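Comments concern the structure below.
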Amino acid sequence: MARALLAVAVCAVALAACGGNNQNPGTATGGEATGGATAAKELAGDVKVDGSSTVAPLSTAAAELFAEQQAKVRVTVGTSGTGGGFEKFCNGETDISNASRPIKDEEKAACQAKNIAYEEFSVANDALTVVVHKDNTWATCLTVDQLKKMWEPGSKVNNWNQIDSKFPNEPLKLFGAGTDSGTFDYFTDVINGEEGKSRTDYSPSEDDNVTVQGVAGSKGGLGYFGFSYFEENADKLKAVQVDGGDGCVGPSVQAAQDGTYKPLSRPLFIYPKAESLKRPEVLAFVEYYVANHKQIAEDAKFIPLNAQQETELKAALDKLKAQAGG
Amino acid sequence: MSPTGTASSPAAPKGPLGRARSRYGERTVQVVLVAAALVSVATTAGIVVSLVPPTVEFFEAVSVAEFFTSTQWAPLFEPPAYGVLPLIAATFLITVIAIVVAIPLGLGAALYLSEYAHARTRKIFKPVLEVLAGVPTVVYGFFALRFVTPALQAYLPAGLQPDIFNALSAGLVMGVMIVPTVASLSEDAMSAVPRGLRDGAYALGSSTRLVAVRVVLPAALSGVVASFVLAISRAIGETMIVAIASGNKPALSFNPLDAMQTMTGFIAQAGSGDLPTASLDYKTIFAVGALLFLITFAMNFISARLVRRFREVYE
């Protein structure tokens, strides 16, 4: 039975890839002229990507879409974590590093020591939405501390009135991401202060549908997942505003793009190496990534860049190409 | 698998008149049949072989004592905890609920079909009952989640409200799922009780109820018990219903209104994520699988013993 489930999971992944690919030609031809020109000649080779597991689905989506045009280029996406990714990157082992935070000073120094030049590309925005039952009238805004009280390791909170004495006596039922997901890593990182640290006596699932069913079916339910998933189920659930210290802000594409939805939204980065752009297959992949960033972000269920971020992304690409050429 | 069908005779390969061995077609047929029988043996052996190495490696990293005595199960979290008790407790709680539903219903149906029902009624009834066994378990799972749970939430009093995912609805539906196993196998065993025993009892003036309960049931006990054990094994191993309806919350609880995770539920949940092979997380799946295999193996062993113990031989 477990094997049957696995097969279903594999099919689902394959289908998602297919679905993305079907829409691909239309958008791809609408992309930049340079993208079209490089796509015309067939390239081959390996592009090594590693780093954050949160950004991995984004780069994987980019790799899958890119494979439609350049089937001979093999893009491998590793998940060593942001820190582990930079370690390899600054050691010259990878072409692109995925990161869910900007590069740190000591990592910059490590790269400099090995003469590795790069550019920071912000390629999408990530936002998590905290959801409650539709009939939950009390929890319109929760602070990060209150969320931490619910989710921190060893937490014994099991009633809403333990969070705030003004909340009613209603059992708190927690639903959340499974440990395999980037969502879990991200949520535990920003709420509990360390990636992977969470109370364990809740209903975890890799499938956000299960979380939707759980919260929609429990009056005292609370769960979290990506914003795009909330949008699809907005008729069944209510999103909670989050107070990260500067007042209550509800999740929205706008709030995620301008960074006011804190701390549950953040930009996601890739760091391509200048030297690697001399290889046509890496150049083609990075150009493809930049030209189609919107579709890639939507495919991987992230929030696309805003207009200003988009301009910055194009500028960063030009700067990196100049470095590689010089 | 069916413990009732153990009537084989040692002289089988020889053909009715002893001339069979000269025909070479006979030999081919025999080889094909042996191969068919060996497939199930080989599969079992293959499962054992594939379970053992990762399980051994798992217990090199996690002590047996922690595995069986700690009450927290969080192998994929940081820091991990490997107490399998919550999974075992959930598995047995849900199995008990299922058995409480399935044994009275199944046994009742079997007695009715075998002793009370008209031959024509039985001809219609029994296949219909067996259709229940053919319903895919994923359908039962959604039936539990989308029909039984809301019904429980609507009819249970305020203090006894079940969670959206709960052990009770999974157990109840699982009980319905195994009714055909109990009913069909028990009915077979009851039908096999010689006519003469019933006729004797009726001749002494017994009512149908007395014949059913005092004569047929004891005479068929070996088959009936075998059907119970088989049903329990199915309940322990059932995955889809619990994966869908009972939730994935591995908390040690004996409250059937709570969400909980069974051993099979854990395997399904962990197996459908993307665990790196060779990691300890991955081996955890095999350790739980090996435990599950041992439990069902023990159940089948007990079943074989009970069948022998209660066997009544007539003729």
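Chain lettering (A, B, ...) mirrors the order of the structure tokens, residue numbering begins at 1 for each chain separately, and ligand numbering begins at 1 in order of display.
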* Using backbone DSSP assignments, extract all alpha helix (DSSP H) residues from region 31-148 of chain B; output them as JSON, numbers by chain. => {"B": [31, 32, 33, 34, 35, 36, 37, 38, 39, 40, 41, 42, 43, 44, 45, 46, 47, 48, 49, 50, 51, 52, 53, 54, 55, 56, 57, 58, 59, 60, 61, 64, 65, 66, 67, 68, 69, 85, 86, 87, 88, 89, 90, 91, 92, 93, 94, 95, 96, 97, 98, 99, 100, 101, 102, 103, 104, 105, 106, 107, 108, 109, 110, 111, 119, 120, 121, 122, 123, 124, 125, 126, 127, 128, 129, 130, 131, 132, 133, 137, 138, 139, 140, 141, 142, 143]}
Please dump the current selection as an mmCIF file, in the first residue's frame; keep C-alpha atoms.
data_model
loop_
_atom_site.group_PDB
_atom_site.id
_atom_site.type_symbol
_atom_site.label_atom_id
_atom_site.label_comp_id
_atom_site.auth_asym_id
_atom_site.auth_seq_id
_atom_site.Cartn_x
_atom_site.Cartn_y
_atom_site.Cartn_z
ATOM 1 C CA VAL B 31 6.121 -27.446 -13.021
ATOM 2 C CA VAL B 32 3.821 -24.494 -13.757
ATOM 3 C CA LEU B 33 1.754 -25.214 -10.662
ATOM 4 C CA VAL B 34 4.819 -25.539 -8.438
ATOM 5 C CA ALA B 35 6.094 -22.241 -9.808
ATOM 6 C CA ALA B 36 2.767 -20.626 -8.991
ATOM 7 C CA ALA B 37 2.960 -21.902 -5.428
ATOM 8 C CA LEU B 38 6.575 -20.781 -5.099
ATOM 9 C CA VAL B 39 5.806 -17.188 -6.082
ATOM 10 C CA SER B 40 4.059 -16.506 -2.781
ATOM 11 C CA VAL B 41 6.818 -18.222 -0.806
ATOM 12 C CA ALA B 42 9.475 -16.285 -2.702
ATOM 13 C CA THR B 43 7.633 -13.003 -2.168
ATOM 14 C CA THR B 44 7.480 -13.581 1.582
ATOM 15 C CA ALA B 45 11.161 -14.479 1.628
ATOM 16 C CA GLY B 46 11.948 -11.386 -0.452
ATOM 17 C CA ILE B 47 10.071 -9.145 1.955
ATOM 18 C CA VAL B 48 11.940 -10.587 4.924
ATOM 19 C CA VAL B 49 15.276 -10.194 3.149
ATOM 20 C CA SER B 50 14.568 -6.582 2.206
ATOM 21 C CA LEU B 51 13.325 -5.698 5.700
ATOM 22 C CA VAL B 52 16.183 -7.144 7.706
ATOM 23 C CA PRO B 53 19.290 -5.095 6.712
ATOM 24 C CA PRO B 54 17.750 -1.599 7.136
ATOM 25 C CA THR B 55 16.093 -2.735 10.370
ATOM 26 C CA VAL B 56 19.389 -4.008 11.742
ATOM 27 C CA GLU B 57 21.092 -0.732 10.762
ATOM 28 C CA PHE B 58 18.265 1.182 12.414
ATOM 29 C CA PHE B 59 18.784 -0.630 15.703
ATOM 30 C CA GLU B 60 22.515 0.044 15.531
ATOM 31 C CA ALA B 61 21.657 3.748 15.775
ATOM 32 C CA VAL B 64 15.790 -1.313 21.277
ATOM 33 C CA ALA B 65 14.889 -0.025 24.734
ATOM 34 C CA GLU B 66 14.186 3.485 23.434
ATOM 35 C CA PHE B 67 12.171 2.097 20.543
ATOM 36 C CA PHE B 68 9.850 0.078 22.768
ATOM 37 C CA THR B 69 9.645 2.172 25.941
ATOM 38 C CA LEU B 85 4.463 3.056 21.503
ATOM 39 C CA PRO B 86 2.100 5.785 20.213
ATOM 40 C CA LEU B 87 1.949 4.023 16.838
ATOM 41 C CA ILE B 88 1.356 0.616 18.442
ATOM 42 C CA ALA B 89 -1.318 2.037 20.750
ATOM 43 C CA ALA B 90 -3.116 3.680 17.824
ATOM 44 C CA THR B 91 -2.918 0.512 15.742
ATOM 45 C CA PHE B 92 -4.407 -1.601 18.514
ATOM 46 C CA LEU B 93 -7.068 0.923 19.488
ATOM 47 C CA ILE B 94 -8.334 1.184 15.916
ATOM 48 C CA THR B 95 -8.130 -2.597 15.497
ATOM 49 C CA VAL B 96 -10.170 -3.142 18.657
ATOM 50 C CA ILE B 97 -12.861 -0.721 17.447
ATOM 51 C CA ALA B 98 -12.938 -2.511 14.101
ATOM 52 C CA ILE B 99 -13.191 -5.932 15.755
ATOM 53 C CA VAL B 100 -15.978 -4.795 18.078
ATOM 54 C CA VAL B 101 -17.935 -3.825 14.967
ATOM 55 C CA ALA B 102 -16.954 -6.697 12.717
ATOM 56 C CA ILE B 103 -17.275 -9.755 14.970
ATOM 57 C CA PRO B 104 -20.915 -9.359 16.066
ATOM 58 C CA LEU B 105 -22.036 -8.217 12.621
ATOM 59 C CA GLY B 106 -20.009 -10.818 10.767
ATOM 60 C CA LEU B 107 -20.933 -13.684 13.042
ATOM 61 C CA GLY B 108 -24.580 -12.666 13.025
ATOM 62 C CA ALA B 109 -24.621 -12.523 9.251
ATOM 63 C CA ALA B 110 -22.917 -15.918 9.039
ATOM 64 C CA LEU B 111 -25.391 -17.571 11.420
ATOM 65 C CA ALA B 119 -31.474 -21.122 0.079
ATOM 66 C CA ARG B 120 -32.633 -18.489 -2.436
ATOM 67 C CA THR B 121 -32.055 -15.609 -0.048
ATOM 68 C CA ARG B 122 -28.566 -16.898 0.637
ATOM 69 C CA LYS B 123 -27.795 -17.100 -3.067
ATOM 70 C CA ILE B 124 -28.467 -13.367 -3.380
ATOM 71 C CA PHE B 125 -27.213 -12.273 0.031
ATOM 72 C CA LYS B 126 -23.794 -13.861 0.111
ATOM 73 C CA PRO B 127 -22.445 -12.397 -3.147
ATOM 74 C CA VAL B 128 -23.779 -8.982 -2.130
ATOM 75 C CA LEU B 129 -21.949 -9.268 1.182
ATOM 76 C CA GLU B 130 -18.777 -10.226 -0.640
ATOM 77 C CA VAL B 131 -19.062 -7.175 -2.882
ATOM 78 C CA LEU B 132 -18.353 -5.178 0.284
ATOM 79 C CA ALA B 133 -14.958 -6.865 0.391
ATOM 80 C CA THR B 137 -10.043 0.858 0.727
ATOM 81 C CA VAL B 138 -9.438 4.415 -0.494
ATOM 82 C CA VAL B 139 -13.212 4.676 -0.952
ATOM 83 C CA TYR B 140 -13.721 3.498 2.631
ATOM 84 C CA GLY B 141 -11.190 6.086 3.757
ATOM 85 C CA PHE B 142 -13.070 8.980 2.199
ATOM 86 C CA PHE B 143 -16.359 7.496 3.394
#
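Once Ala139 (chain A) and its same-chain neighbours fewer than 3 positions away are set aside, Val131, Val132, His133, Asn136, Leu142, Trp160, Asp164, Phe167, Pro168, Leu222, Lys238, Ala239, Val240 and Gln241 of chain A remain within 10 Å of it when counting only C-alpha atoms.
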* Asked: Would you list which chain B residues are within 9 Å of chain A using only C-alpha atoms, as a PyMOL selection string?
  -> chain B and resi 72-74+76-79+150+163-165+238-240+244+247-251+259-261+264-265+267-275
* **Residues within 10 Å of Ile191 (chain A), only C-alpha atoms, excluding chain neighbours under 4 positions, as a PyMOL selection string** => chain A and resi 143-152+186-187+195+197-198+244+263-264
Could the residues in this selection be written to a file with C-alpha atoms, as a compact mmCIF listing (two decimals), in the first residue's frame?
# COMPACT_ATOMS: atom_id res chain seq x y z
CA THR A 143 1.92 38.03 17.10
CA VAL A 144 5.04 36.03 16.35
CA ASP A 145 5.34 35.33 20.09
CA GLN A 146 1.84 33.89 20.20
CA LEU A 147 2.60 31.66 17.22
CA LYS A 148 5.81 30.58 18.91
CA LYS A 149 3.90 29.72 22.08
CA MET A 150 1.77 27.32 20.01
CA TRP A 151 4.52 25.74 17.96
CA GLU A 152 7.73 25.73 20.00
CA TYR A 186 10.94 28.19 6.91
CA PHE A 187 8.13 28.33 9.47
CA GLU A 195 15.11 25.32 11.38
CA LYS A 197 12.56 22.76 15.74
CA SER A 198 8.87 22.26 16.37
CA GLY A 244 6.05 40.87 13.40
CA PRO A 263 8.44 37.75 9.10
CA LEU A 264 6.53 35.22 7.04
* To do: Quick one: everything within 12 Å of Phe297 (chain B), counting only C-alpha atoms, minus sequence neighbours fewer than 2 positions away in the same chain. Send it as an MDAnalysis selection string.
  => chainID B and resid 1 44 48 229:230 232:234 236:237 289:295 299:304
Residues as selected, C-alpha atoms, written as a PDB file, in the first residue's frame, can you do that?
ATOM      1  CA  MET B   1      -3.696 -17.627   3.377  1.00  0.00           C
ATOM      2  CA  THR B  44       7.480 -13.581   1.582  1.00  0.00           C
ATOM      3  CA  VAL B  48      11.940 -10.587   4.924  1.00  0.00           C
ATOM      4  CA  VAL B 229      -7.777 -13.828  13.344  1.00  0.00           C
ATOM      5  CA  LEU B 230      -7.665 -13.155   9.635  1.00  0.00           C
ATOM      6  CA  ILE B 232      -7.664  -8.847  12.944  1.00  0.00           C
ATOM      7  CA  SER B 233      -4.641  -9.218  10.679  1.00  0.00           C
ATOM      8  CA  ARG B 234      -6.398  -7.255   7.963  1.00  0.00           C
ATOM      9  CA  ILE B 236      -3.757  -4.213  11.709  1.00  0.00           C
ATOM     10  CA  GLY B 237      -2.354  -4.017   8.202  1.00  0.00           C
ATOM     11  CA  GLY B 289       7.521  -2.327   8.701  1.00  0.00           C
ATOM     12  CA  ALA B 290       9.473  -5.182  10.296  1.00  0.00           C
ATOM     13  CA  LEU B 291       7.523  -4.750  13.540  1.00  0.00           C
ATOM     14  CA  LEU B 292       4.265  -4.808  11.612  1.00  0.00           C
ATOM     15  CA  PHE B 293       5.371  -7.923   9.757  1.00  0.00           C
ATOM     16  CA  LEU B 294       6.258  -9.646  13.037  1.00  0.00           C
ATOM     17  CA  ILE B 295       2.859  -8.806  14.517  1.00  0.00           C
ATOM     18  CA  MET B 299      -1.278 -13.462  14.415  1.00  0.00           C
ATOM     19  CA  ASN B 300      -1.181 -15.985  11.590  1.00  0.00           C
ATOM     20  CA  PHE B 301       0.832 -18.390  13.717  1.00  0.00           C
ATOM     21  CA  ILE B 302      -1.716 -18.114  16.536  1.00  0.00           C
ATOM     22  CA  SER B 303      -4.474 -18.608  14.007  1.00  0.00           C
ATOM     23  CA  ALA B 304      -2.919 -21.854  12.769  1.00  0.00           C
TER      24      ALA B 304
END
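Straight-line separation from CA of Ser97 (chain A) to CA of Lys294 (chain A): 19.5 Å.
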* DSSP-assigned strand (DSSP E) among region 83-307 of chain A, expressed as an MDAnalysis selection string -> chainID A and resid 96:99 121:133 141:143 173:177 203:205 221:226 237:239 241:243 248:249 265:272
* Asked: Looking at A:Thr54, A:Asn209, A:Cys90, A:Phe225, which one is nearest to Val77 (chain A), with distances taken over only C-alpha atoms?
  ->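 Ranked by minimum distance to Val77 (chain A), first place goes to A:Thr54.
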* Asked: Counting only C-alpha atoms, what is within 12 Å of Leu160 (chain B), bar same-chain residues fewer than 5 positions away, as a list in words?
  -> Leu152, Gln153, Ala154, Tyr155, Asn166, Leu168, Asn255, Pro256, Leu257 and Asp258 of chain B
Kindly export the residues of the current selection with N, CA and C atoms, as a compact mmCIF listing (two decimals), in the first residue's frame.
# COMPACT_ATOMS: atom_id res chain seq x y z
N LEU B 152 -20.75 11.71 13.06
CA LEU B 152 -20.39 11.63 14.48
C LEU B 152 -20.43 13.02 15.11
N GLN B 153 -19.89 14.00 14.38
CA GLN B 153 -19.86 15.36 14.91
C GLN B 153 -21.28 15.90 15.11
N ALA B 154 -22.20 15.45 14.25
CA ALA B 154 -23.57 15.94 14.34
C ALA B 154 -24.34 15.27 15.48
N TYR B 155 -24.06 13.98 15.74
CA TYR B 155 -24.89 13.25 16.69
C TYR B 155 -24.29 13.06 18.07
N ASN B 166 -10.06 11.34 13.27
CA ASN B 166 -10.14 10.65 14.55
C ASN B 166 -10.12 9.14 14.37
N LEU B 168 -11.96 6.92 15.90
CA LEU B 168 -13.26 6.25 15.96
C LEU B 168 -13.85 6.00 14.58
N ASN B 255 -7.88 7.90 23.61
CA ASN B 255 -9.18 8.50 23.36
C ASN B 255 -9.52 8.36 21.88
N PRO B 256 -10.54 7.56 21.56
CA PRO B 256 -10.84 7.32 20.14
C PRO B 256 -11.32 8.55 19.39
N LEU B 257 -11.60 9.65 20.12
CA LEU B 257 -12.04 10.86 19.44
C LEU B 257 -10.86 11.70 18.97
N ASP B 258 -9.64 11.31 19.37
CA ASP B 258 -8.44 12.06 19.00
C ASP B 258 -7.92 11.61 17.64
* To do: Write out as a list in words each polymer residue whose atoms come within 12 Å of Gly45 (chain A), counting only C-alpha atoms; drop sequence neighbours fewer than 3 positions from it.
  =>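 Contacts, in chain order: Glu42, Lys48, Ala67, Gln70, Ala71, Lys72, Val73, Arg74, Val75, Thr76, Ser276, Arg279, Pro280, Glu281, Val282, Leu283, Ala284 and Phe285 of chain A.
When only C-alpha atoms are used to measure the gap to Val224 (chain B), the shortest distance among B:Ser207, B:Arg311, B:Gly171, B:Gly196 belongs to B:Arg311.
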* d(CA of Phe86 (chain A), CA of Leu320 (chain A)) in Å -> 17.8 Å
* Asked: How far is it from CA of Pro162 (chain B) to CA of Leu172 (chain A), in Å with one decimal?
  ->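 Computed distance, CA of Pro162 (chain B) to CA of Leu172 (chain A), equals 13.1 Å.
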* Within 8 Å of region 105-111 of chain A, counting only C-alpha atoms, which residues show up once you throw out same-chain ones fewer than 2 positions away? Write them as a ChimeraX atom specification, please. => /A:86-87,89-91,103,113-117
